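Shown next: target19.tsv, given as TSV, C-alpha atoms.
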chain	number	residue	atom	x	y	z
E	1	LEU	CA	0.31	15.66	-3.26
E	2	ARG	CA	-0.20	16.93	-6.77
E	3	CYS	CA	0.48	14.09	-9.20
E	4	PRO	CA	0.06	13.91	-12.93
E	5	ASN	CA	-2.94	12.04	-14.26
E	6	LEU	CA	-2.33	8.38	-13.39
E	7	ASN	CA	-3.29	7.36	-16.92
E	8	LEU	CA	-0.20	9.24	-18.14
E	9	ILE	CA	1.96	7.24	-15.74
E	10	ASP	CA	0.34	3.87	-16.50
E	11	VAL	CA	1.01	4.07	-20.24
E	12	GLU	CA	4.73	4.69	-19.77
E	13	THR	CA	6.95	1.62	-20.18
E	14	THR	CA	10.21	2.97	-18.78
E	15	ALA	CA	11.29	4.55	-15.52
E	16	ALA	CA	12.82	7.44	-17.48
E	17	GLY	CA	9.48	8.02	-19.23
E	18	ILE	CA	7.65	8.13	-15.89
E	19	LYS	CA	10.22	10.49	-14.39
E	20	ALA	CA	9.95	12.82	-17.42
E	21	ILE	CA	6.20	13.40	-16.99
E	22	PRO	CA	5.85	17.09	-16.09
E	23	ILE	CA	5.31	17.96	-12.45
E	24	PRO	CA	1.94	19.69	-11.95
E	25	ASP	CA	1.93	23.35	-10.90
E	26	ASP	CA	1.65	24.24	-7.22
E	27	ASN	CA	-1.89	25.45	-7.82
E	28	ALA	CA	-2.99	22.20	-9.46
E	29	VAL	CA	-5.64	20.03	-7.86
E	30	VAL	CA	-4.41	17.75	-5.08
E	31	THR	CA	-4.79	14.26	-6.52
E	32	CYS	CA	-3.47	12.13	-3.67
E	33	GLU	CA	-3.61	12.54	0.08
E	34	THR	CA	-0.94	10.33	1.58
E	35	THR	CA	1.63	10.06	4.35
E	36	ASN	CA	5.39	9.62	4.34
E	37	ILE	CA	4.89	5.88	4.79
E	38	PHE	CA	3.22	3.49	2.37
E	39	LEU	CA	2.44	-0.05	3.53
E	40	PRO	CA	2.16	-2.23	0.44
E	41	ALA	CA	-0.23	-5.15	0.18
E	42	PRO	CA	1.48	-8.56	0.26
E	43	TRP	CA	1.24	-9.04	-3.51
E	44	LEU	CA	3.02	-5.71	-4.03
E	45	LYS	CA	5.52	-6.19	-1.21
E	46	ASN	CA	6.57	-9.56	-2.64
E	47	ALA	CA	7.02	-8.10	-6.12
E	48	ILE	CA	9.09	-5.20	-4.76
E	49	LEU	CA	11.34	-7.46	-2.69
E	50	VAL	CA	12.41	-9.58	-5.68
E	51	GLU	CA	13.48	-6.48	-7.62
E	52	ASP	CA	17.01	-5.18	-7.27
E	53	THR	CA	16.07	-1.50	-7.18
E	54	VAL	CA	14.99	1.23	-4.85
E	55	CYS	CA	14.24	3.65	-7.71
E	56	PRO	CA	10.63	4.79	-7.19
E	57	PHE	CA	10.04	5.12	-10.94
E	58	GLU	CA	11.17	1.53	-11.53
E	59	LEU	CA	8.98	0.39	-8.62
E	60	ILE	CA	5.98	2.00	-10.32
E	61	LEU	CA	6.58	-0.36	-13.26
E	62	VAL	CA	6.88	-3.26	-10.80
E	63	SER	CA	3.54	-2.30	-9.24
E	64	HIS	CA	1.89	-2.05	-12.64
E	65	GLN	CA	3.00	-5.57	-13.54
E	66	ALA	CA	2.26	-7.03	-10.10
E	67	SER	CA	-1.24	-5.57	-9.90
E	68	GLY	CA	-2.06	-6.86	-13.39
E	69	ASP	CA	-0.72	-10.32	-12.53
E	70	PHE	CA	-2.63	-10.43	-9.25
E	71	ILE	CA	-5.90	-9.41	-10.90
E	72	GLN	CA	-5.42	-11.97	-13.67
E	73	ASN	CA	-4.51	-14.81	-11.29
E	74	HIS	CA	-6.76	-14.13	-8.30
E	75	CYS	CA	-9.64	-11.82	-9.14
E	76	GLU	CA	-11.47	-13.45	-12.03
E	77	GLY	CA	-15.03	-12.16	-12.01
E	78	ASP	CA	-14.63	-10.28	-8.72
E	79	GLN	CA	-15.05	-6.65	-9.75
E	80	ASP	CA	-14.89	-5.38	-6.17
E	81	LEU	CA	-11.53	-7.03	-5.53
E	82	GLN	CA	-10.22	-5.85	-8.89
E	83	SER	CA	-11.21	-2.30	-7.95
E	84	GLU	CA	-9.44	-2.63	-4.58
E	85	ILE	CA	-6.25	-3.89	-6.26
E	86	LYS	CA	-6.38	-1.04	-8.80
E	87	ALA	CA	-6.95	1.52	-6.03
E	88	HIS	CA	-3.97	0.16	-4.07
E	89	HIS	CA	-1.81	0.26	-7.20
E	90	ASP	CA	-2.92	3.84	-7.91
E	91	ALA	CA	-2.13	4.91	-4.33
E	92	PHE	CA	1.32	3.34	-4.56
E	93	VAL	CA	1.99	4.94	-7.94
E	94	SER	CA	1.07	8.38	-6.58
E	95	TRP	CA	3.18	7.85	-3.47
E	96	ALA	CA	6.20	6.49	-5.36
E	97	TRP	CA	5.98	9.29	-7.93
E	98	GLY	CA	5.97	11.81	-5.07
E	99	VAL	CA	8.98	10.12	-3.47
E	100	GLY	CA	10.84	10.14	-6.78
E	101	HIS	CA	10.29	13.87	-7.23
E	102	GLY	CA	11.13	14.77	-3.63
E	103	LYS	CA	7.54	15.67	-2.77
E	104	ILE	CA	7.47	13.20	0.13
E	105	GLU	CA	10.17	13.52	2.76
E	106	ALA	CA	12.24	10.53	3.80
E	107	LEU	CA	11.24	9.06	7.13
E	108	ARG	CA	12.94	6.45	9.25
E	109	LEU	CA	11.07	4.47	11.90
E	110	LEU	CA	12.42	2.55	14.81
E	111	VAL	CA	10.08	0.02	16.35
E	112	ARG	CA	11.06	-1.13	19.81
E	113	PRO	CA	9.53	-4.56	20.39
E	114	ASP	CA	9.55	-4.02	24.16
E	115	ASP	CA	7.57	-0.77	23.99
E	116	GLY	CA	4.62	-0.98	26.42
E	117	GLU	CA	2.19	0.93	24.19
E	118	LEU	CA	3.07	-1.27	21.21
E	119	LYS	CA	2.61	-4.42	23.32
E	120	ALA	CA	-0.81	-3.21	24.56
E	121	HIS	CA	-1.85	-2.51	20.96
E	122	GLU	CA	-0.70	-6.00	19.93
E	123	VAL	CA	-2.74	-7.63	22.71
E	124	GLU	CA	-5.83	-5.55	21.84
E	125	ILE	CA	-5.62	-6.35	18.11
E	126	HIS	CA	-4.96	-10.02	18.81
E	127	ALA	CA	-7.98	-10.22	21.09
E	128	SER	CA	-10.32	-8.35	18.76
E	129	ALA	CA	-9.24	-9.61	15.35
E	130	ILE	CA	-7.53	-12.97	15.79
E	131	LEU	CA	-9.10	-14.77	18.71
E	132	PRO	CA	-12.57	-16.16	18.05
E	133	PRO	CA	-15.32	-14.74	20.23
E	134	VAL	CA	-16.02	-16.76	23.36
E	135	THR	CA	-19.58	-18.04	23.45
E	136	VAL	CA	-21.38	-20.61	25.49
E	137	GLY	CA	-21.92	-23.70	23.35
E	138	GLY	CA	-25.37	-25.07	22.64
E	139	GLY	CA	-26.72	-27.33	25.38
E	140	VAL	CA	-24.01	-26.39	27.86
E	141	PRO	CA	-25.52	-24.92	31.03
E	142	ALA	CA	-24.37	-21.46	31.98
E	143	PRO	CA	-22.33	-21.32	35.19
E	144	THR	CA	-24.28	-20.57	38.36
E	145	ASP	CA	-23.37	-19.34	41.80
E	146	THR	CA	-25.06	-22.18	43.67

Taking this structure as input, can you express it in the form of structure tokens?
Amino acid sequence: LRCPNLNLIDVETTAAGIKAIPIPDDNAVVTCETTNIFLPAPWLKNAILVEDTVCPFELILVSHQASGDFIQNHCEGDQDLQSEIKAHHDAFVSWAWGVGHGKIEALRLLVRPDDGELKAHEVEIHASAILPPVTVGGGVPAPTDT
């Protein structure tokens, strides 16, 4: 995806201003590698859900405000987390800009909750990321075959 410089987008204060930023030439440097789907972080998802718009250029403004609020309220002194929030915002801005200019095709997903492969993935992720590892506690004898 060839996007304009994100600094140009971040200084705009209106959706019309963001939309009016010139589209880079086809031979411009690719600035964002993305997919048709963007999964927003909870702080961004929550901000998007309270807005009454699906306009990608308006959602860029929402992301700008939400990322700034999250950094101010939750990232004081944590430069690494601030960088992660900024990177997520930048990725969303690039993706939303591409959607708004028709550079990313619409995609519709249907998730079937009874799908066997999806269920196996759920069990695997639950076991590896949610359940604590099983260890033998201190002082408890290991089972024997006697």

Determine, counting all atoms listed in the file, which protein, DNA and RNA residues have an atom within 9 Å of an atom of Ile18 of chain E; residues of the same chain fewer than 3 positions away are not included. Present the result as a PyMOL selection string. chain E and resi 8-15+21+57-58+60-61+97

Identify, on the basis of only C-alpha atoms, every residue whose closest approach to Ile48 of chain E does not exceed 9 Å; exclude the query and any residue fewer than 6 positions from it along the same chain; express the result as a JSON list (two decimals) with C-alpha atoms, in the frame of the given file.
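The result, written out as result20.json:
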[["chain", "number", "residue", "atom", "x", "y", "z"],
["E", 54, "VAL", "CA", 14.99, 1.23, -4.85],
["E", 59, "LEU", "CA", 8.98, 0.39, -8.62],
["E", 62, "VAL", "CA", 6.88, -3.26, -10.80],
["E", 63, "SER", "CA", 3.54, -2.30, -9.24],
["E", 66, "ALA", "CA", 2.26, -7.03, -10.10]]

Can you pull out every residue within 12 Å of Cys3 of chain E, counting only C-alpha atoms, but drop anything in the same chain fewer than 2 positions away, and send it as a PyMOL selection string? chain E and resi 1+5-9+18-19+21-34+90-101+103-104

Two-atom distance - atom CA of Glu84 of chain E, atom CA of Gly102 of chain E (Å): 27.0 Å

Just to confirm, what's the straight-line distance from atom CA of His88 of chain E to atom CA of Pro40 of chain E in Å (one decimal)?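 Rounded to one decimal, the two atoms are 8.0 Å apart.
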